[in-house]
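Asker: My structure is in data_13.cif, and what it holds is mmCIF, C-alpha atoms and all ligand atoms:
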data_final
#
loop_
_atom_site.label_atom_id
_atom_site.label_comp_id
_atom_site.auth_asym_id
_atom_site.auth_seq_id
_atom_site.Cartn_x
_atom_site.Cartn_y
_atom_site.Cartn_z
CA MET A 1 0.00 0.00 0.00
CA ASN A 2 1.24 3.53 -0.71
CA LYS A 3 1.69 6.07 2.14
CA ILE A 4 -1.66 7.80 1.53
CA LEU A 5 -3.54 4.50 1.70
CA VAL A 6 -1.80 3.51 4.95
CA GLN A 7 -2.70 6.90 6.50
CA ASN A 8 -6.31 6.94 5.18
CA LYS A 9 -6.94 3.35 6.29
CA LYS A 10 -5.86 4.19 9.87
CA SER A 11 -8.07 7.30 9.83
CA TRP A 12 -11.11 5.51 8.37
CA ASP A 13 -10.86 2.97 11.18
CA LYS A 14 -11.31 5.89 13.61
CA VAL A 15 -14.07 7.82 11.83
CA ALA A 16 -16.08 4.89 10.43
CA HIS A 17 -18.77 5.19 13.15
CA HIS A 18 -19.75 8.66 11.81
CA PHE A 19 -20.84 7.02 8.54
CA ASN A 20 -23.12 4.25 9.80
CA GLY A 21 -26.03 4.13 7.35
CA ILE A 22 -24.96 7.44 5.74
CA ASP A 23 -24.52 7.64 1.94
CA ALA A 24 -26.17 4.30 1.26
CA LEU A 25 -28.69 3.14 -1.32
CA PRO A 26 -31.45 4.00 -2.13
CA SER A 27 -29.74 7.40 -1.55
CA TYR A 28 -27.02 8.38 -4.05
CA GLY A 29 -25.80 11.26 -1.88
CA PRO A 30 -26.78 14.40 0.03
CA PHE A 31 -29.84 16.25 -1.38
CA THR A 32 -29.71 13.91 -4.40
CA GLN A 33 -32.41 11.89 -6.15
CA THR A 34 -32.72 8.32 -4.92
CA GLU A 35 -32.56 5.05 -6.85
CA GLU A 36 -36.37 4.94 -6.55
CA GLU A 37 -36.50 8.16 -8.62
CA LEU A 38 -33.64 7.46 -11.04
CA GLN A 39 -34.13 3.70 -11.63
CA LEU A 40 -30.55 3.13 -12.81
CA PHE A 41 -30.36 -0.51 -11.71
CA GLY A 42 -32.53 -2.98 -13.57
CA ASP A 43 -34.05 -6.09 -12.02
CA LEU A 44 -31.76 -7.19 -9.18
CA ASN A 45 -33.36 -10.55 -8.64
CA ASN A 46 -30.71 -13.32 -8.58
CA LYS A 47 -27.99 -10.86 -9.57
CA LYS A 48 -24.39 -11.00 -8.29
CA VAL A 49 -23.38 -7.59 -6.96
CA LEU A 50 -20.11 -6.06 -5.76
CA ASP A 51 -20.02 -2.88 -3.62
CA ILE A 52 -16.82 -0.80 -3.76
CA GLY A 53 -16.38 0.98 -0.40
CA TYR A 54 -19.30 -0.84 1.26
CA GLY A 55 -18.98 1.20 4.48
CA SER A 56 -21.54 0.07 7.05
CA GLY A 57 -23.10 -2.38 4.56
CA HIS A 58 -26.46 -0.61 4.20
CA SER A 59 -26.30 -0.47 0.38
CA LEU A 60 -25.61 -4.21 0.27
CA ARG A 61 -28.61 -4.75 2.52
CA TYR A 62 -30.71 -2.77 0.02
CA MET A 63 -29.40 -5.11 -2.71
CA ALA A 64 -30.42 -8.13 -0.62
CA ASP A 65 -33.91 -6.65 -0.13
CA LYS A 66 -34.20 -6.34 -3.94
CA GLY A 67 -33.37 -10.04 -4.39
CA ALA A 68 -29.62 -10.02 -5.24
CA SER A 69 -28.28 -13.57 -4.89
CA GLU A 70 -24.65 -12.81 -3.97
CA LEU A 71 -23.43 -9.83 -1.93
CA TRP A 72 -19.73 -9.02 -2.28
CA GLY A 73 -17.83 -5.95 -1.14
CA VAL A 74 -14.41 -4.30 -0.83
CA ASP A 75 -13.55 -1.63 1.75
CA ILE A 76 -10.23 -0.44 3.16
CA SER A 77 -11.39 -0.20 6.78
CA GLU A 78 -11.50 -3.02 9.37
CA SER A 79 -14.01 -0.97 11.43
CA GLN A 80 -16.32 -0.73 8.42
CA LYS A 81 -16.00 -4.49 7.86
CA ALA A 82 -17.09 -5.12 11.46
CA ALA A 83 -20.03 -2.68 11.04
CA ALA A 84 -21.08 -4.25 7.74
CA GLU A 85 -20.94 -7.77 9.19
CA GLU A 86 -23.40 -6.60 11.84
CA THR A 87 -25.71 -4.92 9.27
CA LEU A 88 -25.64 -8.00 7.02
CA LYS A 89 -25.99 -10.70 9.68
CA GLY A 90 -27.55 -13.86 8.23
CA LEU A 91 -27.15 -12.71 4.59
CA HIS A 92 -23.76 -14.44 4.02
CA PRO A 93 -21.91 -11.49 2.45
CA ARG A 94 -18.37 -11.88 1.12
CA LEU A 95 -16.63 -8.84 2.55
CA TYR A 96 -13.00 -8.03 1.75
CA CYS A 97 -10.89 -5.55 3.67
CA SER A 98 -8.63 -4.18 0.96
CA PRO A 99 -7.99 -0.97 -1.01
CA MET A 100 -10.13 -0.77 -4.14
CA GLU A 101 -7.07 0.08 -6.28
CA ILE A 102 -5.30 -3.22 -5.48
CA ASP A 103 -6.24 -6.64 -6.86
CA CYS A 104 -7.49 -8.76 -3.95
CA ASN A 105 -8.29 -11.80 -6.10
CA LEU A 106 -11.96 -11.10 -6.72
CA PRO A 107 -13.37 -13.23 -9.57
CA ASN A 108 -13.17 -11.92 -13.14
CA TYR A 109 -16.13 -11.86 -15.58
CA TYR A 110 -18.39 -12.63 -12.60
CA PHE A 111 -20.62 -9.72 -11.50
CA ASP A 112 -23.84 -8.39 -13.02
CA TYR A 113 -23.44 -5.11 -11.15
CA VAL A 114 -20.51 -3.33 -9.56
CA TYR A 115 -21.49 -0.11 -7.77
CA SER A 116 -20.09 2.45 -5.36
CA ILE A 117 -21.89 5.10 -3.33
CA TYR A 118 -19.68 8.01 -2.29
CA ALA A 119 -16.47 5.97 -2.12
CA ILE A 120 -14.84 5.80 -5.57
CA GLY A 121 -13.27 9.28 -5.32
CA TRP A 122 -11.08 8.09 -2.44
CA THR A 123 -9.00 5.95 -4.75
CA THR A 124 -5.35 6.95 -5.10
CA ASP A 125 -5.26 5.35 -8.56
CA LEU A 126 -8.38 5.90 -10.65
CA ALA A 127 -7.04 4.07 -13.72
CA SER A 128 -6.27 0.82 -11.90
CA THR A 129 -9.55 1.01 -9.95
CA PHE A 130 -11.61 1.29 -13.15
CA ASN A 131 -9.49 -1.44 -14.86
CA LEU A 132 -10.13 -3.79 -11.94
CA ILE A 133 -13.86 -3.04 -11.89
CA TYR A 134 -14.03 -3.70 -15.63
CA SER A 135 -12.33 -7.07 -15.09
CA TYR A 136 -14.79 -8.12 -12.34
CA LEU A 137 -17.86 -7.52 -14.53
CA LYS A 138 -19.48 -10.01 -16.87
CA SER A 139 -19.88 -8.95 -20.47
CA GLY A 140 -22.94 -6.66 -20.47
CA GLY A 141 -22.39 -5.97 -16.76
CA VAL A 142 -23.11 -2.53 -15.35
CA PHE A 143 -21.01 -0.17 -13.20
CA ILE A 144 -22.81 2.63 -11.32
CA PHE A 145 -21.15 5.08 -8.97
CA SER A 146 -21.89 8.34 -7.18
CA TRP A 147 -19.40 10.85 -5.82
CA ASP A 148 -19.16 14.57 -5.03
CA HIS A 149 -19.79 16.62 -8.15
CA PRO A 150 -16.16 17.50 -9.10
CA LEU A 151 -16.83 21.26 -8.88
CA TYR A 152 -18.68 21.08 -5.57
CA PRO A 153 -15.63 21.21 -3.24
CA TYR A 154 -14.69 24.57 -4.82
CA LEU A 155 -17.99 26.27 -3.96
CA GLN A 156 -18.02 28.83 -1.17
CA SER A 157 -21.23 30.35 0.09
CA GLU A 158 -21.64 33.60 2.00
CA ASN A 159 -25.15 34.82 2.83
CA GLY A 160 -26.37 32.64 -0.01
CA VAL A 161 -24.00 34.06 -2.63
CA ILE A 162 -22.08 31.16 -4.14
CA THR A 163 -18.58 31.74 -5.50
CA LEU A 164 -15.68 29.61 -6.72
CA ASP A 165 -12.69 29.24 -4.40
CA GLY A 166 -9.45 27.70 -5.68
CA SER A 167 -8.59 26.25 -9.06
CA TYR A 168 -10.70 23.54 -10.67
CA GLN A 169 -7.82 23.18 -13.15
CA GLU A 170 -5.44 21.78 -10.52
CA GLU A 171 -5.94 18.12 -9.74
CA GLY A 172 -4.20 16.40 -6.83
CA PHE A 173 -4.44 15.51 -3.16
CA THR A 174 -5.47 17.79 -0.30
CA THR A 175 -4.62 16.64 3.23
CA PHE A 176 -6.88 17.52 6.14
CA ASN A 177 -5.73 17.06 9.74
CA ARG A 178 -9.27 17.05 11.10
CA PHE A 179 -12.09 15.00 9.65
CA LYS A 180 -15.60 14.59 11.06
CA GLY A 181 -14.43 16.44 14.19
CA GLU A 182 -11.64 13.91 14.89
CA ASN A 183 -7.88 14.50 14.91
CA VAL A 184 -7.03 12.24 11.98
CA SER A 185 -5.21 12.89 8.71
CA MET A 186 -7.08 12.21 5.50
CA SER A 187 -5.84 12.88 1.98
CA ILE A 188 -8.57 13.37 -0.60
CA PRO A 189 -7.92 13.60 -4.34
CA LYS A 190 -9.58 16.25 -6.50
CA ARG A 191 -10.24 15.29 -10.09
CA LYS A 192 -12.05 16.96 -12.96
CA MET A 193 -15.27 15.59 -14.45
CA ALA A 194 -13.36 14.84 -17.69
CA THR A 195 -10.83 12.72 -15.79
CA TYR A 196 -13.57 10.41 -14.50
CA LEU A 197 -15.17 10.13 -17.93
CA ASN A 198 -11.90 9.62 -19.82
CA GLU A 199 -10.62 6.97 -17.39
CA LEU A 200 -13.89 5.05 -17.77
CA ILE A 201 -13.52 5.16 -21.55
CA ARG A 202 -9.84 4.10 -21.32
CA ALA A 203 -10.80 1.13 -19.14
CA GLY A 204 -13.15 -0.02 -21.94
CA PHE A 205 -16.55 1.11 -20.62
CA SER A 206 -19.36 2.63 -22.67
CA ILE A 207 -20.94 5.51 -20.79
CA HIS A 208 -24.70 5.00 -20.48
CA SER A 209 -25.67 8.08 -18.41
CA VAL A 210 -24.12 10.99 -16.55
CA ILE A 211 -26.32 12.64 -13.95
CA GLU A 212 -25.63 15.96 -12.25
CA SER A 213 -27.93 15.61 -9.26
CA ASP A 214 -31.00 17.65 -8.46
CA VAL A 215 -32.94 17.67 -5.19
CA PRO A 216 -35.25 14.70 -4.62
CA ASN A 217 -39.04 15.02 -5.00
CA TYR A 218 -39.32 14.75 -1.23
CA TYR A 219 -38.06 18.35 -0.90
CA GLU A 220 -40.41 19.81 -3.54
CA ASN A 221 -42.52 21.80 -1.09
CA HIS A 222 -39.79 22.62 1.43
CA GLU A 223 -39.43 26.28 2.27
CA GLU A 224 -36.43 28.16 0.83
CA VAL A 225 -34.02 29.12 3.66
CA ILE A 226 -30.64 30.66 2.86
CA SER A 227 -27.89 28.40 4.16
CA ASP A 228 -24.11 28.46 3.80
CA ARG A 229 -23.63 24.93 5.15
CA TYR A 230 -21.40 22.63 3.05
CA TYR A 231 -24.48 20.61 2.07
CA SER A 232 -27.80 22.45 2.14
CA LEU A 233 -31.10 22.37 0.29
CA TYR A 234 -30.48 26.01 -0.67
CA LYS A 235 -27.15 25.15 -2.37
CA ALA A 236 -28.43 21.89 -3.86
CA ARG A 237 -31.28 23.75 -5.59
CA ARG A 238 -28.63 25.84 -7.37
CA PHE A 239 -25.76 23.41 -7.95
CA PRO A 240 -25.54 19.60 -8.08
CA THR A 241 -23.95 18.07 -4.98
CA THR A 242 -23.39 14.73 -6.69
CA MET A 243 -22.40 13.20 -10.00
CA ILE A 244 -23.79 9.77 -10.79
CA ILE A 245 -22.39 7.74 -13.68
CA LYS A 246 -23.71 4.53 -15.20
CA ALA A 247 -21.32 2.67 -17.52
CA VAL A 248 -21.54 -0.67 -19.28
CA LYS A 249 -19.00 -3.38 -20.19
CA ASP A 250 -20.03 -4.25 -23.76
C1 LIG A 301 -18.81 7.52 2.71
S1 LIG A 301 -18.29 5.89 3.00
C2 LIG A 301 -19.28 4.92 1.90
C3 LIG A 301 -20.59 4.47 2.47
C4 LIG A 301 -21.14 3.22 1.81
N1 LIG A 301 -21.28 3.37 0.41
C5 LIG A 301 -22.44 2.69 2.41
O1 LIG A 301 -23.24 2.15 1.62
O2 LIG A 301 -22.63 2.74 3.64
C6 LIG A 301 -16.71 5.79 2.14
C7 LIG A 301 -16.05 4.42 2.31
O3 LIG A 301 -14.93 4.33 1.46
C8 LIG A 301 -13.96 3.51 2.11
N2 LIG A 301 -12.65 3.78 1.47
C9 LIG A 301 -11.90 4.91 1.51
N3 LIG A 301 -10.79 4.76 0.76
C10 LIG A 301 -10.85 3.50 0.23
C11 LIG A 301 -10.01 2.77 -0.66
N4 LIG A 301 -8.89 3.30 -1.16
N5 LIG A 301 -10.37 1.50 -0.99
C12 LIG A 301 -11.52 0.95 -0.50
N6 LIG A 301 -12.36 1.61 0.34
C13 LIG A 301 -12.04 2.87 0.68
C14 LIG A 301 -14.04 3.96 3.57
O4 LIG A 301 -13.50 3.00 4.47
C15 LIG A 301 -15.54 4.16 3.73
O5 LIG A 301 -16.16 3.01 4.25
#
Represent the structure from my file as structure tokens, please.
Answerer:
Amino acid sequence: MNKILVQNKKSWDKVAHHFNGIDALPSYGPFTQTEEELQLFGDLNNKKVLDIGYGSGHSLRYMADKGASELWGVDISESQKAAAEETLKGLHPRLYCSPMEIDCNLPNYYFDYVYSIYAIGWTTDLASTFNLIYSYLKSGGVFIFSWDHPLYPYLQSENGVITLDGSYQEEGFTTFNRFKGENVSMSIPKRKMATYLNELIRAGFSIHSVIESDVPNYYENHEEVISDRYYSLYKARRFPTTMIIKAVKD
């Protein structure tokens, strides 16, 4: 494992409890349409699914509820593995504790669906992650992931006026020494929208849909209140919090 992965793994083990049941299907992300609204997955009955960055296991439980026959997952954190085992008790999941960018001997040409909810952007090597995911899928298999809209981290809001802070042109890692209120170091990569799309194409995928999120129907009649919070209904009505991409292995 490279230095960033060693550091992030240690930190995820400490902050995992903040993410129990957060960012899990049917939700694709904060103030974002759900799977019930978007219908990106087809029939999941008897399908073999692999979750990249399964976290507390709630998305895999959603897959089980929809009839998936095999539940597999990869996540870097031991604490998340323990949480997911609890969430998925009795469902016989196959959970691996490993970085998504490293081959951990998952079967090739095996899965109907590989998906990832708010985890893919943590990878330190996008090209090898997408190459591996491509290799795990059957021919005709589908890869769906959601992540922060690549411009979102650059938005600043003051009294409801949204401006751009920093350079979207510069890709690379930012290291934070506090995360979720804990004293841990986390390095998060920033990448442009084109980088995600081009790496998918290079890995061999056909892009089926690209969604820049809008607020879910649930919020339709919610009152408009100015808010400068990182995620808020006010901001989400003006700018997508999340990108969601569906790609296919032909
Ligand atoms: C926001 S959580 C995802 C929540 C999850 N999708 C769910 O359904 O509950 C992000 C997850 O990515 C995992 N992660 C971070 N870097 C990783 C990496 N390089 N390889 C695999 N998993 C990683 C973290 O341990 C964490 O569980």
Asker: Provide an axis-aligned box for all listed atoms of segment 62-67 of chain A, padding each side by 3 Å; report its centre and its edge lengths in Å to one decimal, as JSON.
Answerer:
{"center_x": -31.8, "center_y": -6.4, "center_z": -2.2, "size_x": 10.8, "size_y": 13.3, "size_z": 10.4}
Asker: What do you get as a PyMOL selection string if you pick all residues at most 7 Å from ligand LIG 301 (chain A), counting only C-alpha atoms and all ligand atoms?
Answerer: chain A and resi 5+8-9+12+16+19-25+52-60+74-77+80+98-101+116-119+122-124
Asker: With distances taken over only C-alpha atoms, which residue among A:Tyr234, A:Tyr96, A:Tyr28, A:Tyr110 lies nearest Val142 of chain A?
Answerer: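 Of all the options, A:Tyr110 lies closest to Val142 of chain A.
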Asker: Using only C-alpha atoms, determine which residues lie at most 12 Å from Tyr196 of chain A, disregarding the query and same-chain residues fewer than 4 positions distant; provide the list as JSON, numbers by chain.
Answerer: {"A": [120, 121, 123, 125, 126, 127, 129, 130, 145, 146, 147, 148, 149, 150, 171, 190, 191, 192, 200, 201, 202, 203, 205, 207, 210, 243, 244, 245, 246, 247]}
Asker: Which distance in Å separates atom CA of Lys81 of chain A and atom CA of His17 of chain A, to one decimal?
Answerer: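 Atom CA of Lys81 of chain A sits 11.4 Å away from atom CA of His17 of chain A.
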Asker: Which residues, written as a list of chain:residue names, have at least one atom at most 7 Å from segment 220-231 of chain A, with all atoms listed in the file counted and residues fewer than 6 positions away on the same chain left out?
Answerer: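 Counting only the stated atoms, we get A:Pro30, A:Ser157, A:Glu158, A:Asn159, A:Gly160.
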Asker: Hey, which of A:Ile144, A:Val184, A:Leu164, A:Leu137 ends up closest to Lys249 of chain A? Count all atoms listed in the file.
Answerer: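 Of the candidates, the smallest distance to Lys249 of chain A is held by A:Leu137.
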